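Participant: Quick one: the structure is below, and I'll ask about it shortly.
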Amino acid sequence: MPDRPVPVPVERLGFEMPPVHDTAEAARAHRKEQLAGALRLLGRLGYEDGVAGQVTARDPEFEDCYWVNPFGRPFAGLTPGDLLLVDGDGRVLRGERRVNELAFAVHAAVHRQRPEVVSVVRAQAPYGRALAALGELLAPITEEACAFYEDHALLDEYAGAGEPGRIALALGPYKALVLRNRGLLTVGDSVDAALWWFVAAERAAQVQLIARAAGKPVPIDHRAAVATRERFGSDLAAWVSCQPLLDDGDTPVASTS
């Protein structure tokens with residue numbers, strides 16, 4: 001009989017981890033690539049509606065400035081070279097197009113309130129907006145939804161884009177916010193993490209609405225929900241989960257960054 005294969009040593013097994021960059025220029029280039037990829041993914045998923053929807057990423061060197069998608073451009077096909085660098089007052093520092101000033105003001109307020117946050121995602125996804133219309137939090141009725149258990153908030157009154165401070169305060173220390181009658185907002189310590197939390201929250205909202213339509217969902221108990229959140233609710237776990245999404249058939253258009 002042939003010899004039974006022996007286990008491969010764990011240290012020889014590949015495992016993706018967030019990259020570490022030696023220079024601000026390298027970190028900036030990578031962050032812009034991830035931001036453009038995140039926008040293209042949101043476009044493929046149909047999470048945009050007219051000129052609404054925005055993703056921001058803090059510049060790694062100028063920490064009070066943020067890269068953002070240009071106003072009025074569809075997400076699909078955006079490249080790093082299309083992105084704008086905007087200061088906290090909404091003034092374009094690099095780029096050739098306007099920024100959505102009202103939407104950006106919300107992102108800037110969140111970034112100021114949460115200096116550890118690298119990226120903020122606010123897009124137009126149907127199930128998150130439906131949940132927001134009900135004024136509900138995400139319930140811990142699936143393992144995936146437990147990532148948000150006691151780690152997201154509800155702004156339980158309508159707040160327009162002209163009220164950025166209220167929105168930033170309502171988010172508090174959490175990873176996600178349900179904006180009543182508007183939809184979802186998520187944050188993360190990387191573009192990838194913030195993007196994953198948005199997609200995961202939208203999917204959790206979808207399951208919650210389907211389950212409620214079919215019957216009475218059974219929640220996971222508090223202790224198990226907390227334990228599940230501790231295992232799957234970190235930004236590192238979100239980064240890892242996001243990699244297959246960003247690699248799934250996404251071919252960037254050639255562009256200078």
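Scheme for the structure tokens: letters A, B, ... for chains in order shown; per-chain residue numbers from 1; ligand numbers from 1 in order shown.
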List the neighbours of range 20-33 of chain A out to 7 Å using only C-alpha atoms; skip same-chain residues closer than 5 positions along the sequence, and give me the result as a list in words.
Facilitator: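 Counting only C-alpha atoms, the residues come to Asp59, Pro60, Glu61 and Pro80 of chain A.
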Participant: Save the residues we just selected, N, CA, C and O atoms, as a tab-separated table (two decimals), in the first residue's frame?
Facilitator:
```tsv
chain	number	residue	atom	x	y	z
A	59	ASP	N	-6.96	59.18	3.32
A	59	ASP	CA	-5.62	59.13	2.75
A	59	ASP	C	-4.63	58.71	3.83
A	59	ASP	O	-4.71	59.17	4.97
A	60	PRO	N	-3.68	57.81	3.51
A	60	PRO	CA	-2.77	57.31	4.55
A	60	PRO	C	-1.76	58.34	5.04
A	60	PRO	O	-1.17	58.16	6.11
A	61	GLU	N	-1.54	59.41	4.27
A	61	GLU	CA	-0.58	60.44	4.68
A	61	GLU	C	-1.29	61.70	5.20
A	61	GLU	O	-0.95	62.22	6.27
A	80	PRO	N	-8.78	53.85	-10.23
A	80	PRO	CA	-8.11	54.74	-9.27
A	80	PRO	C	-7.90	56.15	-9.82
A	80	PRO	O	-7.98	57.13	-9.07
```
Participant: Might you pull out every residue within 9 Å of Tyr158 in chain A, with only C-alpha atoms counted and same-chain residues fewer than 4 positions away left off, and present them as a PDB file with all heavy atoms, in the first residue's frame?
Facilitator:
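Here's the written file out-v7.pdb:
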```pdb
ATOM      1  N   LEU A 179     -30.101  53.893   9.016  1.00  0.00           N
ATOM      2  CA  LEU A 179     -30.669  55.233   8.941  1.00  0.00           C
ATOM      3  C   LEU A 179     -32.136  55.096   8.582  1.00  0.00           C
ATOM      4  O   LEU A 179     -32.476  54.710   7.453  1.00  0.00           O
ATOM      5  CB  LEU A 179     -29.940  56.060   7.876  1.00  0.00           C
ATOM      6  CG  LEU A 179     -28.490  56.409   8.185  1.00  0.00           C
ATOM      7  CD1 LEU A 179     -27.725  56.658   6.898  1.00  0.00           C
ATOM      8  CD2 LEU A 179     -28.427  57.627   9.070  1.00  0.00           C
ATOM      9  N   ARG A 180     -33.024  55.401   9.540  1.00  0.00           N
ATOM     10  CA  ARG A 180     -34.438  55.155   9.291  1.00  0.00           C
ATOM     11  C   ARG A 180     -34.915  55.889   8.039  1.00  0.00           C
ATOM     12  O   ARG A 180     -34.589  57.064   7.834  1.00  0.00           O
ATOM     13  CB  ARG A 180     -35.295  55.599  10.487  1.00  0.00           C
ATOM     14  CG  ARG A 180     -36.644  54.885  10.524  1.00  0.00           C
ATOM     15  CD  ARG A 180     -37.545  55.456  11.591  1.00  0.00           C
ATOM     16  NE  ARG A 180     -38.029  56.783  11.196  1.00  0.00           N
ATOM     17  CZ  ARG A 180     -38.721  57.590  12.005  1.00  0.00           C
ATOM     18  NH1 ARG A 180     -38.941  57.235  13.258  1.00  0.00           N
ATOM     19  NH2 ARG A 180     -39.138  58.758  11.588  1.00  0.00           N
ATOM     20  N   ASN A 181     -35.637  55.148   7.211  1.00  0.00           N
ATOM     21  CA  ASN A 181     -36.187  55.649   5.942  1.00  0.00           C
ATOM     22  C   ASN A 181     -35.114  55.957   4.901  1.00  0.00           C
ATOM     23  O   ASN A 181     -35.432  56.515   3.843  1.00  0.00           O
ATOM     24  CB  ASN A 181     -37.059  56.897   6.157  1.00  0.00           C
ATOM     25  CG  ASN A 181     -38.185  56.656   7.138  1.00  0.00           C
ATOM     26  OD1 ASN A 181     -38.158  57.193   8.244  1.00  0.00           O
ATOM     27  ND2 ASN A 181     -39.150  55.843   6.762  1.00  0.00           N
ATOM     28  N   ARG A 182     -33.869  55.540   5.157  1.00  0.00           N
ATOM     29  CA  ARG A 182     -32.815  55.813   4.176  1.00  0.00           C
ATOM     30  C   ARG A 182     -32.019  54.568   3.804  1.00  0.00           C
ATOM     31  O   ARG A 182     -31.858  54.273   2.639  1.00  0.00           O
ATOM     32  CB  ARG A 182     -31.868  56.906   4.699  1.00  0.00           C
ATOM     33  CG  ARG A 182     -32.546  58.270   4.846  1.00  0.00           C
ATOM     34  CD  ARG A 182     -31.535  59.361   5.112  1.00  0.00           C
ATOM     35  NE  ARG A 182     -30.637  59.531   3.982  1.00  0.00           N
ATOM     36  CZ  ARG A 182     -29.509  60.242   4.041  1.00  0.00           C
ATOM     37  NH1 ARG A 182     -29.138  60.818   5.169  1.00  0.00           N
ATOM     38  NH2 ARG A 182     -28.756  60.358   2.976  1.00  0.00           N
TER      39      ARG A 182
END
```
Participant: List the spatial neighbours of Ala147 in chain A as a ChimeraX atom specification - criterion: any atom at most 7 Å away, only C-alpha atoms, same-chain residues fewer than 2 positions off excluded.
Facilitator: /A:144-145,149,228-229,232-233
Participant: For the selection you just gave me, I'd like the residues written to a file as a PDB file, in the first residue's frame, keeping N, CA and C atoms.
Facilitator:
```pdb
ATOM      1  N   GLU A 144     -24.452  34.699  10.391  1.00  0.00           N
ATOM      2  CA  GLU A 144     -23.858  35.860   9.746  1.00  0.00           C
ATOM      3  C   GLU A 144     -24.353  37.167  10.373  1.00  0.00           C
ATOM      4  N   ALA A 145     -25.629  37.221  10.710  1.00  0.00           N
ATOM      5  CA  ALA A 145     -26.182  38.438  11.303  1.00  0.00           C
ATOM      6  C   ALA A 145     -25.595  38.719  12.674  1.00  0.00           C
ATOM      7  N   TYR A 149     -24.390  41.884  16.042  1.00  0.00           N
ATOM      8  CA  TYR A 149     -25.131  41.851  17.305  1.00  0.00           C
ATOM      9  C   TYR A 149     -24.514  42.829  18.304  1.00  0.00           C
ATOM     10  N   THR A 228     -20.461  34.408  18.798  1.00  0.00           N
ATOM     11  CA  THR A 228     -20.346  34.393  17.339  1.00  0.00           C
ATOM     12  C   THR A 228     -19.804  35.710  16.820  1.00  0.00           C
ATOM     13  N   ARG A 229     -20.280  36.825  17.394  1.00  0.00           N
ATOM     14  CA  ARG A 229     -19.758  38.133  17.000  1.00  0.00           C
ATOM     15  C   ARG A 229     -18.270  38.238  17.294  1.00  0.00           C
ATOM     16  N   PHE A 232     -16.494  36.255  14.457  1.00  0.00           N
ATOM     17  CA  PHE A 232     -16.633  36.652  13.057  1.00  0.00           C
ATOM     18  C   PHE A 232     -16.842  38.159  12.858  1.00  0.00           C
ATOM     19  N   GLY A 233     -16.849  38.932  13.942  1.00  0.00           N
ATOM     20  CA  GLY A 233     -17.234  40.329  13.823  1.00  0.00           C
ATOM     21  C   GLY A 233     -16.112  41.335  13.785  1.00  0.00           C
TER      22      GLY A 233
END
```
Participant: Find the spatial neighbours of Met17 in chain A, counting only C-alpha atoms, within a cut-off of 12 Å - ignore same-chain residues fewer than 6 positions away - and output them as a PDB file with N, CA and C atoms, in the first residue's frame.
Facilitator:
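Final file, result_33.pdb:
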```pdb
ATOM      1  N   ASP A 192     -11.795  47.232   2.382  1.00  0.00           N
ATOM      2  CA  ASP A 192     -12.336  45.884   2.259  1.00  0.00           C
ATOM      3  C   ASP A 192     -13.292  45.569   3.401  1.00  0.00           C
ATOM      4  N   ASP A 235     -12.847  43.499  12.114  1.00  0.00           N
ATOM      5  CA  ASP A 235     -12.524  44.032  10.792  1.00  0.00           C
ATOM      6  C   ASP A 235     -11.564  43.117  10.040  1.00  0.00           C
ATOM      7  N   LEU A 236     -10.709  42.383  10.756  1.00  0.00           N
ATOM      8  CA  LEU A 236      -9.833  41.426  10.081  1.00  0.00           C
ATOM      9  C   LEU A 236     -10.658  40.311   9.455  1.00  0.00           C
ATOM     10  N   ALA A 237     -11.644  39.796  10.189  1.00  0.00           N
ATOM     11  CA  ALA A 237     -12.527  38.768   9.617  1.00  0.00           C
ATOM     12  C   ALA A 237     -13.271  39.317   8.405  1.00  0.00           C
ATOM     13  N   ALA A 238     -13.685  40.582   8.475  1.00  0.00           N
ATOM     14  CA  ALA A 238     -14.372  41.198   7.334  1.00  0.00           C
ATOM     15  C   ALA A 238     -13.434  41.325   6.145  1.00  0.00           C
ATOM     16  N   TRP A 239     -12.191  41.721   6.385  1.00  0.00           N
ATOM     17  CA  TRP A 239     -11.207  41.838   5.303  1.00  0.00           C
ATOM     18  C   TRP A 239     -11.042  40.494   4.595  1.00  0.00           C
ATOM     19  N   VAL A 240     -10.861  39.437   5.384  1.00  0.00           N
ATOM     20  CA  VAL A 240     -10.683  38.103   4.807  1.00  0.00           C
ATOM     21  C   VAL A 240     -11.913  37.702   3.995  1.00  0.00           C
ATOM     22  N   SER A 241     -13.101  37.937   4.535  1.00  0.00           N
ATOM     23  CA  SER A 241     -14.334  37.557   3.852  1.00  0.00           C
ATOM     24  C   SER A 241     -14.528  38.309   2.549  1.00  0.00           C
ATOM     25  N   CYS A 242     -13.985  39.521   2.481  1.00  0.00           N
ATOM     26  CA  CYS A 242     -14.206  40.364   1.305  1.00  0.00           C
ATOM     27  C   CYS A 242     -13.351  39.964   0.103  1.00  0.00           C
ATOM     28  N   GLN A 243     -12.253  39.257   0.340  1.00  0.00           N
ATOM     29  CA  GLN A 243     -11.321  38.997  -0.763  1.00  0.00           C
ATOM     30  C   GLN A 243     -11.945  38.235  -1.933  1.00  0.00           C
TER      31      GLN A 243
END
```
Participant: Taking the DSSP assignment computed from this structure's backbone, write out as a list in words all residues of range 74-184 of chain A that belong to strand (DSSP E or B).
Facilitator: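 The residues of range 74-184 of chain A classed as strand (DSSP E or B) are Leu84, Leu85, Val86, Asp87, Val92, Leu93, Arg94, Ser119, Val120, Val121, Arg122, His152, Ala153, Leu154, Leu155, Ala176, Leu177, Val178, Leu179, Gly183 and Leu184 of chain A.
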Participant: Go ahead and dump the residues you just picked, all heavy atoms, as a compact mmCIF listing (two decimals), in the first residue's frame.
Facilitator:
```txt
# COMPACT_ATOMS: atom_id res chain seq x y z
N LEU A 84 -11.36 61.20 -6.55
CA LEU A 84 -11.05 62.55 -6.12
C LEU A 84 -10.44 62.52 -4.72
O LEU A 84 -10.84 61.70 -3.88
CB LEU A 84 -12.33 63.40 -6.05
CG LEU A 84 -13.24 63.42 -7.29
CD1 LEU A 84 -14.50 64.21 -6.97
CD2 LEU A 84 -12.51 63.97 -8.50
N LEU A 85 -9.50 63.41 -4.46
CA LEU A 85 -9.02 63.64 -3.11
C LEU A 85 -9.68 64.91 -2.61
O LEU A 85 -9.57 65.98 -3.23
CB LEU A 85 -7.49 63.79 -3.08
CG LEU A 85 -6.90 64.01 -1.68
CD1 LEU A 85 -7.13 62.78 -0.79
CD2 LEU A 85 -5.41 64.34 -1.76
N VAL A 86 -10.39 64.81 -1.50
CA VAL A 86 -11.22 65.90 -0.99
C VAL A 86 -10.86 66.15 0.47
O VAL A 86 -10.67 65.18 1.23
CB VAL A 86 -12.72 65.55 -1.13
CG1 VAL A 86 -13.59 66.68 -0.67
CG2 VAL A 86 -13.04 65.17 -2.58
N ASP A 87 -10.77 67.41 0.87
CA ASP A 87 -10.49 67.70 2.28
C ASP A 87 -11.78 67.64 3.10
O ASP A 87 -12.88 67.44 2.55
CB ASP A 87 -9.75 69.03 2.45
CG ASP A 87 -10.60 70.26 2.14
OD1 ASP A 87 -11.83 70.14 2.02
OD2 ASP A 87 -10.01 71.34 2.00
N VAL A 92 -12.17 69.88 -3.45
CA VAL A 92 -11.42 68.91 -4.25
C VAL A 92 -9.96 69.35 -4.34
O VAL A 92 -9.67 70.46 -4.77
CB VAL A 92 -12.04 68.76 -5.65
CG1 VAL A 92 -11.19 67.83 -6.51
CG2 VAL A 92 -13.47 68.23 -5.55
N LEU A 93 -9.05 68.47 -3.93
CA LEU A 93 -7.62 68.76 -3.96
C LEU A 93 -6.94 68.12 -5.16
O LEU A 93 -5.97 68.66 -5.68
CB LEU A 93 -6.96 68.25 -2.67
CG LEU A 93 -7.58 68.75 -1.36
CD1 LEU A 93 -6.86 68.12 -0.18
CD2 LEU A 93 -7.54 70.28 -1.28
N ARG A 94 -7.43 66.96 -5.54
CA ARG A 94 -6.93 66.27 -6.73
C ARG A 94 -8.12 65.68 -7.47
O ARG A 94 -8.99 65.06 -6.85
CB ARG A 94 -5.93 65.17 -6.38
CG ARG A 94 -4.64 65.66 -5.73
CD ARG A 94 -3.69 64.52 -5.45
NE ARG A 94 -2.53 64.96 -4.69
CZ ARG A 94 -1.61 64.15 -4.18
NH1 ARG A 94 -1.73 62.83 -4.36
NH2 ARG A 94 -0.59 64.63 -3.51
N SER A 119 -12.49 53.71 6.11
CA SER A 119 -13.45 53.77 5.00
C SER A 119 -14.88 53.80 5.50
O SER A 119 -15.22 53.19 6.53
CB SER A 119 -13.26 52.55 4.08
OG SER A 119 -14.10 52.62 2.95
N VAL A 120 -15.72 54.53 4.76
CA VAL A 120 -17.16 54.63 5.04
C VAL A 120 -17.91 54.27 3.76
O VAL A 120 -17.57 54.78 2.68
CB VAL A 120 -17.55 56.04 5.49
CG1 VAL A 120 -19.05 56.11 5.79
CG2 VAL A 120 -16.73 56.48 6.69
N VAL A 121 -18.90 53.41 3.86
CA VAL A 121 -19.71 52.99 2.72
C VAL A 121 -21.16 53.40 2.96
O VAL A 121 -21.73 53.10 4.01
CB VAL A 121 -19.64 51.47 2.49
CG1 VAL A 121 -20.54 51.05 1.33
CG2 VAL A 121 -18.21 51.03 2.23
N ARG A 122 -21.73 54.07 1.98
CA ARG A 122 -23.16 54.42 2.01
C ARG A 122 -23.68 54.24 0.60
O ARG A 122 -23.29 54.96 -0.32
CB ARG A 122 -23.31 55.87 2.46
CG ARG A 122 -24.73 56.41 2.34
CD ARG A 122 -25.59 56.07 3.53
NE ARG A 122 -26.93 56.65 3.32
CZ ARG A 122 -27.92 56.01 2.75
NH1 ARG A 122 -27.75 54.75 2.34
NH2 ARG A 122 -29.09 56.58 2.59
N HIS A 152 -24.20 47.55 16.09
CA HIS A 152 -24.72 48.49 15.11
C HIS A 152 -25.85 49.27 15.79
O HIS A 152 -26.30 48.91 16.88
CB HIS A 152 -25.20 47.79 13.83
CG HIS A 152 -26.44 46.99 13.97
ND1 HIS A 152 -26.56 45.90 14.82
CD2 HIS A 152 -27.65 47.09 13.35
CE1 HIS A 152 -27.76 45.37 14.70
NE2 HIS A 152 -28.46 46.08 13.83
N ALA A 153 -26.22 50.37 15.18
CA ALA A 153 -27.18 51.28 15.81
C ALA A 153 -28.28 51.63 14.82
O ALA A 153 -28.15 51.45 13.61
CB ALA A 153 -26.47 52.54 16.29
N LEU A 154 -29.36 52.17 15.38
CA LEU A 154 -30.48 52.66 14.58
C LEU A 154 -30.67 54.14 14.89
O LEU A 154 -30.82 54.52 16.06
CB LEU A 154 -31.76 51.89 14.94
CG LEU A 154 -33.08 52.46 14.42
CD1 LEU A 154 -33.15 52.37 12.90
CD2 LEU A 154 -34.27 51.76 15.07
N LEU A 155 -30.64 54.96 13.85
CA LEU A 155 -31.05 56.36 13.99
C LEU A 155 -32.56 56.37 13.74
O LEU A 155 -33.00 56.34 12.60
CB LEU A 155 -30.31 57.25 13.00
CG LEU A 155 -30.68 58.74 13.02
CD1 LEU A 155 -30.57 59.33 14.42
CD2 LEU A 155 -29.79 59.51 12.06
N ALA A 176 -21.83 49.69 12.01
CA ALA A 176 -22.91 49.91 11.04
C ALA A 176 -24.01 50.74 11.68
O ALA A 176 -24.19 50.75 12.90
CB ALA A 176 -23.47 48.57 10.55
N LEU A 177 -24.75 51.42 10.81
CA LEU A 177 -25.86 52.25 11.24
C LEU A 177 -27.03 52.05 10.28
O LEU A 177 -26.84 52.07 9.06
CB LEU A 177 -25.45 53.73 11.23
CG LEU A 177 -26.52 54.76 11.60
CD1 LEU A 177 -26.97 54.59 13.04
CD2 LEU A 177 -25.99 56.18 11.35
N VAL A 178 -28.21 51.83 10.85
CA VAL A 178 -29.44 51.81 10.07
C VAL A 178 -30.04 53.22 10.15
O VAL A 178 -30.40 53.68 11.24
CB VAL A 178 -30.45 50.77 10.60
CG1 VAL A 178 -31.72 50.78 9.75
CG2 VAL A 178 -29.82 49.38 10.61
N LEU A 179 -30.10 53.89 9.02
CA LEU A 179 -30.67 55.23 8.94
C LEU A 179 -32.14 55.10 8.58
O LEU A 179 -32.48 54.71 7.45
CB LEU A 179 -29.94 56.06 7.88
CG LEU A 179 -28.49 56.41 8.19
CD1 LEU A 179 -27.72 56.66 6.90
CD2 LEU A 179 -28.43 57.63 9.07
N GLY A 183 -31.49 53.85 4.77
CA GLY A 183 -30.72 52.66 4.43
C GLY A 183 -29.57 52.43 5.38
O GLY A 183 -29.63 52.78 6.57
N LEU A 184 -28.49 51.85 4.86
CA LEU A 184 -27.37 51.39 5.67
C LEU A 184 -26.13 52.24 5.45
O LEU A 184 -25.88 52.73 4.35
CB LEU A 184 -27.04 49.94 5.32
CG LEU A 184 -28.16 48.91 5.45
CD1 LEU A 184 -27.70 47.57 4.86
CD2 LEU A 184 -28.57 48.74 6.90
```
